[in-house]
Amino acid sequence: MSQTRHVPVMLQRCLDLLAPALQDPAHPEPVVVDCTLGLGGHSEALLAAFPTARLVALDRDKEALRLSGERLAPYGDRATLVHAVYDELPEVLARLGIPKVQGVLFDLGVSSMQLDEADRGFAYAQDAPLDMRMDQSTGMGAAEVLNTYPPGELVRILRAYGEEKQAKRIVSAIVREREKEPFSNSARLVELIRDALPQAAKRTGGNPAKRTFQALRIEVNGELSVLERAIPAAVDSLAVGGRIAVLSYHSLEDRLVKQVFAAGAANTAPPGLPVVPERYQPRLKQLTRGAELPTEEEVAENRRAAPARLRGAQRIREEER
């Protein structure tokens with residue numbers, strides 16, 4: 001499968017952000033967690049760049065785990081691959097007997113494999129069953145969401161998760177069409193969206209179906225609610241000096257990451273204290289000024305990097321219990 005050698009987004013910058021924590025003499029055998037294993041590109045680079053590191057990698061997609069397992073086999077027991085959603089990180093680490101880790105990486109969004117495998121229904125460019133589940137062994141697919149959700153709920157999802165201004169227009173068309181025949185394939189949905197949108201809306205922002213597909217994918221996989229739990233859990237799993245890097249691909253994800261990092265880097269003392277007690281001091285130091293963007297060269301080489309936003313933070317003190 002040719003995609004197994006796809007280029008991970010902002011790879012060198014992610015390695016540079018995590019390097020001080022993974023090369024700290026105080027932790028000769030650091031543990032780094034790749035919360036979004038996918039095809040294993042970031043994981044392979046982490047194992048190669050930090051030869052004493054142990055990797056724990058999570059993915060909810062069993063096919064991704066199988067392919068990555070082959071790719072990472074040369075690293076033997078330095079790599080532990082786990083079938084889990086990334087908000088299950090605390091349970092995974094507890095099961096492995098790992099109290100704290102030195103590095104955590106998230107590369108959010110859909111893996112290249114899921115986009116490139118036609119029968120998964122993630123891509124609007126080719127006709128496929130409307131599935132979009134990252135773990136195909138559980139939960140409801142996109143077709144079921146389209147066919148069964150009340151109109152008001154569909155409008156909310158398209159607006160909140162797809163930032164789709166024409167949500168009402170699209171949902172009216174979906175409801176009208178699903179009464180004639182339930183949705184099963186992506187091409188019919190793409191065509192319906194094209195027909196439902198006014199001319200002006202079709203002229204901007206690439207494929208007009210992009211926002212609706214993004215919204216359905218986030219809903220089907222519970223991505224934002226999972227992320228809301230996962231980022232704080234990952235910060236909690238860091239040892240002092242440990243670092244976290246998060247790549248997100250749309251503003252909703254980036255906003256969540258930004259809020260968690262900003263809260264961790266804030267002093268929480270009541271105003272007016274002459275000396276700020278330890279328990280109110282920041283737990284995190286932000287390592288990026290705002291969100292870093294990919295370079296023009298990288299976007300030219302890898303169009304999937306275009307919307308990426310990278311944020312990093314370092315754990316600077318323990319939680320007081």
# chains A, B, ... in the order shown; residues from 1 in each chain; ligands from 1
$ select_by_dssp --residues "stretch 54-96 of chain A" --states "alpha helix (DSSP H)" --output "number ranges by chain"
A: 62-72, 89-96
$ closest_residue --among "A:Ser237, A:Gln136, A:Gln281, A:Gln12" --to "A:Pro99" --atoms "only C-alpha atoms"
A:Ser237
$ closest_atom_pairs --of "stretch 212-277 of chain A" --to "stretch 27-37 of chain A" --cutoff "10 Å" --atoms "only C-alpha atoms" --output "JSON lines"
{"residue": "A:Ala230", "atom": "CA", "partner": "A:Cys35", "partner_atom": "CA", "distance": 9.1}
{"residue": "A:Ala234", "atom": "CA", "partner": "A:Cys35", "partner_atom": "CA", "distance": 9.0}
{"residue": "A:Ser237", "atom": "CA", "partner": "A:Val33", "partner_atom": "CA", "distance": 9.9}
{"residue": "A:Leu238", "atom": "CA", "partner": "A:Val32", "partner_atom": "CA", "distance": 9.6}
{"residue": "A:Gly242", "atom": "CA", "partner": "A:Val32", "partner_atom": "CA", "distance": 9.3}
{"residue": "A:Arg243", "atom": "CA", "partner": "A:Val32", "partner_atom": "CA", "distance": 9.3}
{"residue": "A:Ile244", "atom": "CA", "partner": "A:Val33", "partner_atom": "CA", "distance": 9.3}
{"residue": "A:Ala245", "atom": "CA", "partner": "A:Asp34", "partner_atom": "CA", "distance": 9.9}
{"residue": "A:Val246", "atom": "CA", "partner": "A:Cys35", "partner_atom": "CA", "distance": 9.8}
$ write_last_selection --atoms "N, CA and C atoms" --output "mmCIF file, in the first residue's frame"
data_model
loop_
_atom_site.group_PDB
_atom_site.id
_atom_site.type_symbol
_atom_site.label_atom_id
_atom_site.label_comp_id
_atom_site.auth_asym_id
_atom_site.auth_seq_id
_atom_site.Cartn_x
_atom_site.Cartn_y
_atom_site.Cartn_z
ATOM 1 N N ALA A 230 -9.558 14.414 26.363
ATOM 2 C CA ALA A 230 -8.224 13.867 26.088
ATOM 3 C C ALA A 230 -7.095 14.854 26.365
ATOM 4 N N ALA A 234 -4.075 14.223 28.921
ATOM 5 C CA ALA A 234 -2.691 14.121 28.448
ATOM 6 C C ALA A 234 -1.775 15.045 29.251
ATOM 7 N N SER A 237 -0.949 13.549 32.453
ATOM 8 C CA SER A 237 -0.050 12.381 32.391
ATOM 9 C C SER A 237 1.420 12.789 32.265
ATOM 10 N N LEU A 238 1.683 14.076 32.008
ATOM 11 C CA LEU A 238 3.067 14.529 31.813
ATOM 12 C C LEU A 238 3.818 14.643 33.133
ATOM 13 N N GLY A 242 7.950 17.411 31.120
ATOM 14 C CA GLY A 242 7.371 16.737 29.952
ATOM 15 C C GLY A 242 6.708 17.734 29.015
ATOM 16 N N ARG A 243 6.615 17.351 27.736
ATOM 17 C CA ARG A 243 6.081 18.268 26.724
ATOM 18 C C ARG A 243 4.966 17.613 25.910
ATOM 19 N N ILE A 244 4.029 18.454 25.473
ATOM 20 C CA ILE A 244 2.919 17.995 24.637
ATOM 21 C C ILE A 244 2.877 18.850 23.366
ATOM 22 N N ALA A 245 2.669 18.200 22.221
ATOM 23 C CA ALA A 245 2.506 18.910 20.943
ATOM 24 C C ALA A 245 1.192 18.437 20.323
ATOM 25 N N VAL A 246 0.382 19.386 19.863
ATOM 26 C CA VAL A 246 -0.928 19.046 19.285
ATOM 27 C C VAL A 246 -1.082 19.716 17.919
#
$ select_by_dssp --residues "stretch 73-261 of chain A" --states "strand (DSSP E)" --output "MDAnalysis selection string"
chainID A and resid 79:83 101:107 238:248
$ residues_around --residues "stretch 250-265 of chain A" --least-positions-apart "4" --cutoff "7 Å" --atoms "only C-alpha atoms" --output "PyMOL selection string"
chain A and resi 224+228+231-232+282-286+307+309+313
$ write_last_selection --atoms "C-alpha atoms" --output "mmCIF file, in the first residue's frame"
data_model
loop_
_atom_site.group_PDB
_atom_site.id
_atom_site.type_symbol
_atom_site.label_atom_id
_atom_site.label_comp_id
_atom_site.auth_asym_id
_atom_site.auth_seq_id
_atom_site.Cartn_x
_atom_site.Cartn_y
_atom_site.Cartn_z
ATOM 1 C CA LEU A 224 -14.797 17.144 20.057
ATOM 2 C CA GLU A 228 -12.313 17.838 25.549
ATOM 3 C CA ILE A 231 -6.148 17.074 26.165
ATOM 4 C CA PRO A 232 -6.499 17.670 29.945
ATOM 5 C CA PRO A 282 0.862 27.942 36.440
ATOM 6 C CA ARG A 283 1.265 24.203 35.712
ATOM 7 C CA LEU A 284 2.167 24.738 32.074
ATOM 8 C CA LYS A 285 4.450 26.912 30.018
ATOM 9 C CA GLN A 286 3.305 27.533 26.447
ATOM 10 C CA PRO A 307 -5.073 23.799 7.514
ATOM 11 C CA ARG A 309 -2.167 24.450 13.453
ATOM 12 C CA ALA A 313 3.269 23.230 26.076
#
$ residues_around --residues "A:Glu219" --least-positions-apart "3" --cutoff "12 Å" --atoms "only C-alpha atoms" --output "short mmCIF file (atom, residue, chain, number, x, y, z; two decimals) with all heavy atoms, in the first residue's frame"
data_model
loop_
_atom_site.label_atom_id
_atom_site.label_comp_id
_atom_site.auth_asym_id
_atom_site.auth_seq_id
_atom_site.Cartn_x
_atom_site.Cartn_y
_atom_site.Cartn_z
N ASP A 131 -20.07 5.99 5.81
CA ASP A 131 -19.76 5.35 7.09
C ASP A 131 -19.07 6.34 8.03
O ASP A 131 -19.65 6.81 8.98
CB ASP A 131 -18.89 4.11 6.85
CG ASP A 131 -18.71 3.29 8.12
OD1 ASP A 131 -18.69 3.86 9.22
OD2 ASP A 131 -18.56 2.06 8.01
N MET A 132 -17.81 6.66 7.75
CA MET A 132 -17.01 7.64 8.48
C MET A 132 -16.62 7.25 9.91
O MET A 132 -16.09 8.07 10.65
CB MET A 132 -17.70 9.02 8.55
CG MET A 132 -17.97 9.63 7.20
SD MET A 132 -18.34 11.38 7.36
CE MET A 132 -19.07 11.73 5.78
N ARG A 133 -16.91 6.01 10.32
CA ARG A 133 -16.47 5.61 11.67
C ARG A 133 -14.98 5.30 11.64
O ARG A 133 -14.52 4.55 10.79
CB ARG A 133 -17.23 4.37 12.14
CG ARG A 133 -18.68 4.65 12.50
CD ARG A 133 -19.44 3.37 12.77
NE ARG A 133 -19.41 2.49 11.61
CZ ARG A 133 -19.74 1.20 11.64
NH1 ARG A 133 -20.09 0.63 12.78
NH2 ARG A 133 -19.70 0.48 10.53
N MET A 134 -14.23 5.87 12.59
CA MET A 134 -12.80 5.55 12.67
C MET A 134 -12.60 4.14 13.22
O MET A 134 -11.63 3.48 12.88
CB MET A 134 -12.09 6.58 13.53
CG MET A 134 -12.02 7.93 12.83
SD MET A 134 -11.17 9.14 13.82
CE MET A 134 -11.41 10.60 12.82
N GLY A 139 -20.62 1.78 17.13
CA GLY A 139 -21.30 3.06 16.90
C GLY A 139 -22.04 3.15 15.58
O GLY A 139 -22.05 2.23 14.78
N MET A 140 -22.71 4.30 15.38
CA MET A 140 -23.50 4.50 14.16
C MET A 140 -22.71 5.26 13.11
O MET A 140 -21.91 6.13 13.43
CB MET A 140 -24.84 5.20 14.45
CG MET A 140 -24.75 6.63 14.92
SD MET A 140 -26.35 7.54 14.73
CE MET A 140 -27.41 6.71 15.89
N GLY A 141 -22.93 4.89 11.84
CA GLY A 141 -22.23 5.55 10.74
C GLY A 141 -22.93 6.83 10.30
O GLY A 141 -24.01 7.17 10.80
N ALA A 142 -22.33 7.51 9.34
CA ALA A 142 -22.86 8.80 8.88
C ALA A 142 -24.24 8.67 8.24
O ALA A 142 -25.08 9.55 8.38
CB ALA A 142 -21.87 9.43 7.91
N ALA A 143 -24.47 7.57 7.51
CA ALA A 143 -25.77 7.39 6.86
C ALA A 143 -26.89 7.38 7.91
O ALA A 143 -27.94 8.03 7.73
CB ALA A 143 -25.79 6.10 6.05
N GLU A 144 -26.65 6.69 9.01
CA GLU A 144 -27.67 6.61 10.06
C GLU A 144 -27.94 7.99 10.68
O GLU A 144 -29.08 8.35 10.97
CB GLU A 144 -27.20 5.62 11.14
CG GLU A 144 -28.34 5.07 11.96
CD GLU A 144 -27.88 4.02 12.98
OE1 GLU A 144 -26.84 3.37 12.75
OE2 GLU A 144 -28.56 3.87 13.99
N VAL A 145 -26.87 8.76 10.87
CA VAL A 145 -27.04 10.13 11.38
C VAL A 145 -27.93 10.93 10.42
O VAL A 145 -28.91 11.57 10.83
CB VAL A 145 -25.67 10.83 11.55
CG1 VAL A 145 -25.83 12.31 11.83
CG2 VAL A 145 -24.87 10.16 12.67
N LEU A 146 -27.60 10.89 9.13
CA LEU A 146 -28.37 11.64 8.13
C LEU A 146 -29.83 11.19 8.05
O LEU A 146 -30.72 12.00 7.87
CB LEU A 146 -27.76 11.43 6.73
CG LEU A 146 -26.55 12.27 6.36
CD1 LEU A 146 -26.07 11.86 4.98
CD2 LEU A 146 -26.87 13.77 6.37
N TYR A 149 -31.52 11.57 12.41
CA TYR A 149 -31.50 12.73 13.32
C TYR A 149 -32.62 13.72 12.96
O TYR A 149 -32.89 13.94 11.77
CB TYR A 149 -30.15 13.46 13.22
CG TYR A 149 -29.05 12.90 14.08
CD1 TYR A 149 -28.98 11.54 14.40
CD2 TYR A 149 -28.05 13.73 14.58
CE1 TYR A 149 -27.94 11.03 15.17
CE2 TYR A 149 -27.01 13.24 15.36
CZ TYR A 149 -26.96 11.88 15.65
OH TYR A 149 -25.92 11.39 16.41
N GLU A 153 -31.42 19.05 14.94
CA GLU A 153 -30.14 18.50 15.41
C GLU A 153 -29.11 18.49 14.28
O GLU A 153 -27.94 18.80 14.47
CB GLU A 153 -30.38 17.08 15.96
CG GLU A 153 -29.21 16.42 16.62
CD GLU A 153 -28.69 17.14 17.88
OE1 GLU A 153 -29.25 18.18 18.30
OE2 GLU A 153 -27.70 16.65 18.42
N LEU A 154 -29.56 18.15 13.07
CA LEU A 154 -28.66 18.17 11.91
C LEU A 154 -28.16 19.59 11.63
O LEU A 154 -26.98 19.80 11.35
CB LEU A 154 -29.36 17.61 10.67
CG LEU A 154 -29.52 16.09 10.59
CD1 LEU A 154 -30.34 15.69 9.37
CD2 LEU A 154 -28.16 15.38 10.54
N ARG A 156 -27.83 21.97 13.82
CA ARG A 156 -26.88 22.30 14.89
C ARG A 156 -25.50 21.71 14.59
O ARG A 156 -24.46 22.37 14.74
CB ARG A 156 -27.38 21.77 16.24
CG ARG A 156 -26.49 22.13 17.42
CD ARG A 156 -26.87 21.38 18.69
NE ARG A 156 -26.53 19.96 18.63
CZ ARG A 156 -25.30 19.47 18.78
NH1 ARG A 156 -24.27 20.27 18.97
NH2 ARG A 156 -25.08 18.17 18.72
N ILE A 157 -25.47 20.44 14.16
CA ILE A 157 -24.20 19.76 13.88
C ILE A 157 -23.46 20.44 12.73
O ILE A 157 -22.25 20.68 12.81
CB ILE A 157 -24.47 18.27 13.56
CG1 ILE A 157 -24.89 17.53 14.83
CG2 ILE A 157 -23.25 17.58 12.95
CD1 ILE A 157 -25.53 16.19 14.56
N LEU A 158 -24.18 20.75 11.65
CA LEU A 158 -23.51 21.38 10.49
C LEU A 158 -22.97 22.76 10.86
O LEU A 158 -21.90 23.15 10.40
CB LEU A 158 -24.48 21.50 9.30
CG LEU A 158 -24.96 20.21 8.64
CD1 LEU A 158 -25.46 20.48 7.22
CD2 LEU A 158 -23.89 19.15 8.56
N ARG A 159 -23.73 23.49 11.69
CA ARG A 159 -23.25 24.82 12.09
C ARG A 159 -22.08 24.72 13.06
O ARG A 159 -21.07 25.40 12.91
CB ARG A 159 -24.40 25.59 12.75
CG ARG A 159 -25.33 26.21 11.75
CD ARG A 159 -26.29 27.17 12.44
NE ARG A 159 -27.24 27.71 11.48
CZ ARG A 159 -28.50 27.99 11.78
NH1 ARG A 159 -28.96 27.79 13.00
NH2 ARG A 159 -29.30 28.50 10.87
N ALA A 160 -22.23 23.88 14.09
CA ALA A 160 -21.22 23.83 15.15
C ALA A 160 -19.94 23.14 14.69
O ALA A 160 -18.84 23.61 14.98
CB ALA A 160 -21.78 23.10 16.38
N TYR A 161 -20.06 22.03 13.98
CA TYR A 161 -18.88 21.23 13.65
C TYR A 161 -18.34 21.49 12.25
O TYR A 161 -17.20 21.19 11.96
CB TYR A 161 -19.19 19.73 13.77
CG TYR A 161 -19.62 19.29 15.15
CD1 TYR A 161 -20.28 18.07 15.33
CD2 TYR A 161 -19.35 20.06 16.28
CE1 TYR A 161 -20.68 17.65 16.58
CE2 TYR A 161 -19.76 19.64 17.54
CZ TYR A 161 -20.42 18.44 17.68
OH TYR A 161 -20.81 18.02 18.92
N GLY A 162 -19.21 22.02 11.37
CA GLY A 162 -18.76 22.28 10.00
C GLY A 162 -18.65 23.76 9.71
O GLY A 162 -18.20 24.15 8.64
N THR A 212 -19.84 19.95 5.36
CA THR A 212 -20.85 18.98 5.82
C THR A 212 -20.19 17.65 6.17
O THR A 212 -20.51 17.02 7.19
CB THR A 212 -21.92 18.77 4.73
OG1 THR A 212 -22.58 20.02 4.51
CG2 THR A 212 -22.95 17.72 5.14
N PHE A 213 -19.24 17.20 5.34
CA PHE A 213 -18.54 15.93 5.62
C PHE A 213 -17.73 16.05 6.92
O PHE A 213 -17.71 15.11 7.72
CB PHE A 213 -17.63 15.56 4.44
CG PHE A 213 -18.34 14.74 3.39
CD1 PHE A 213 -19.39 15.30 2.66
CD2 PHE A 213 -17.97 13.44 3.13
CE1 PHE A 213 -20.05 14.55 1.70
CE2 PHE A 213 -18.62 12.69 2.16
CZ PHE A 213 -19.67 13.24 1.44
N GLN A 214 -17.09 17.19 7.13
CA GLN A 214 -16.34 17.39 8.38
C GLN A 214 -17.28 17.29 9.58
O GLN A 214 -16.99 16.62 10.57
CB GLN A 214 -15.67 18.77 8.37
CG GLN A 214 -15.02 19.12 9.70
CD GLN A 214 -14.39 20.52 9.68
OE1 GLN A 214 -13.46 20.76 8.93
NE2 GLN A 214 -14.91 21.42 10.49
N ALA A 215 -18.44 17.94 9.48
CA ALA A 215 -19.40 17.95 10.59
C ALA A 215 -19.90 16.54 10.90
O ALA A 215 -19.99 16.13 12.06
CB ALA A 215 -20.58 18.87 10.25
N LEU A 216 -20.22 15.78 9.85
CA LEU A 216 -20.70 14.41 10.06
C LEU A 216 -19.62 13.55 10.70
O LEU A 216 -19.88 12.75 11.59
CB LEU A 216 -21.13 13.79 8.72
CG LEU A 216 -22.46 14.31 8.14
CD1 LEU A 216 -22.63 13.82 6.71
CD2 LEU A 216 -23.64 13.86 9.01
N GLY A 222 -17.61 11.40 17.67
CA GLY A 222 -17.61 12.13 18.95
C GLY A 222 -16.31 12.88 19.18
O GLY A 222 -15.82 12.99 20.30
N GLU A 223 -15.71 13.40 18.08
CA GLU A 223 -14.33 13.89 18.18
C GLU A 223 -14.12 15.02 19.16
O GLU A 223 -13.14 15.05 19.89
CB GLU A 223 -13.83 14.32 16.79
CG GLU A 223 -13.52 13.13 15.89
CD GLU A 223 -13.19 13.57 14.48
OE1 GLU A 223 -12.37 14.46 14.30
OE2 GLU A 223 -13.77 13.00 13.55
N LEU A 224 -15.05 15.99 19.19
CA LEU A 224 -14.80 17.14 20.06
C LEU A 224 -15.00 16.78 21.52
O LEU A 224 -14.24 17.23 22.39
CB LEU A 224 -15.67 18.34 19.66
CG LEU A 224 -15.22 19.01 18.36
CD1 LEU A 224 -16.21 20.07 17.94
CD2 LEU A 224 -13.83 19.64 18.48
N SER A 225 -16.01 15.95 21.81
CA SER A 225 -16.21 15.57 23.22
C SER A 225 -15.06 14.69 23.70
O SER A 225 -14.61 14.79 24.85
CB SER A 225 -17.56 14.86 23.41
OG SER A 225 -17.71 13.84 22.48
N VAL A 226 -14.53 13.85 22.80
CA VAL A 226 -13.36 13.02 23.15
C VAL A 226 -12.15 13.93 23.40
O VAL A 226 -11.43 13.76 24.38
CB VAL A 226 -13.05 12.01 22.00
CG1 VAL A 226 -11.71 11.34 22.23
CG2 VAL A 226 -14.14 10.95 21.91
#
$ closest_residue --among "A:Leu287, A:Ile218, A:Val56, A:Ala45" --to "A:Leu108" --atoms "only C-alpha atoms"
A:Ile218
$ closest_residue --among "A:Leu130, A:Ala239, A:Pro151, A:Glu163" --to "A:Val190" --atoms "only C-alpha atoms"
A:Leu130
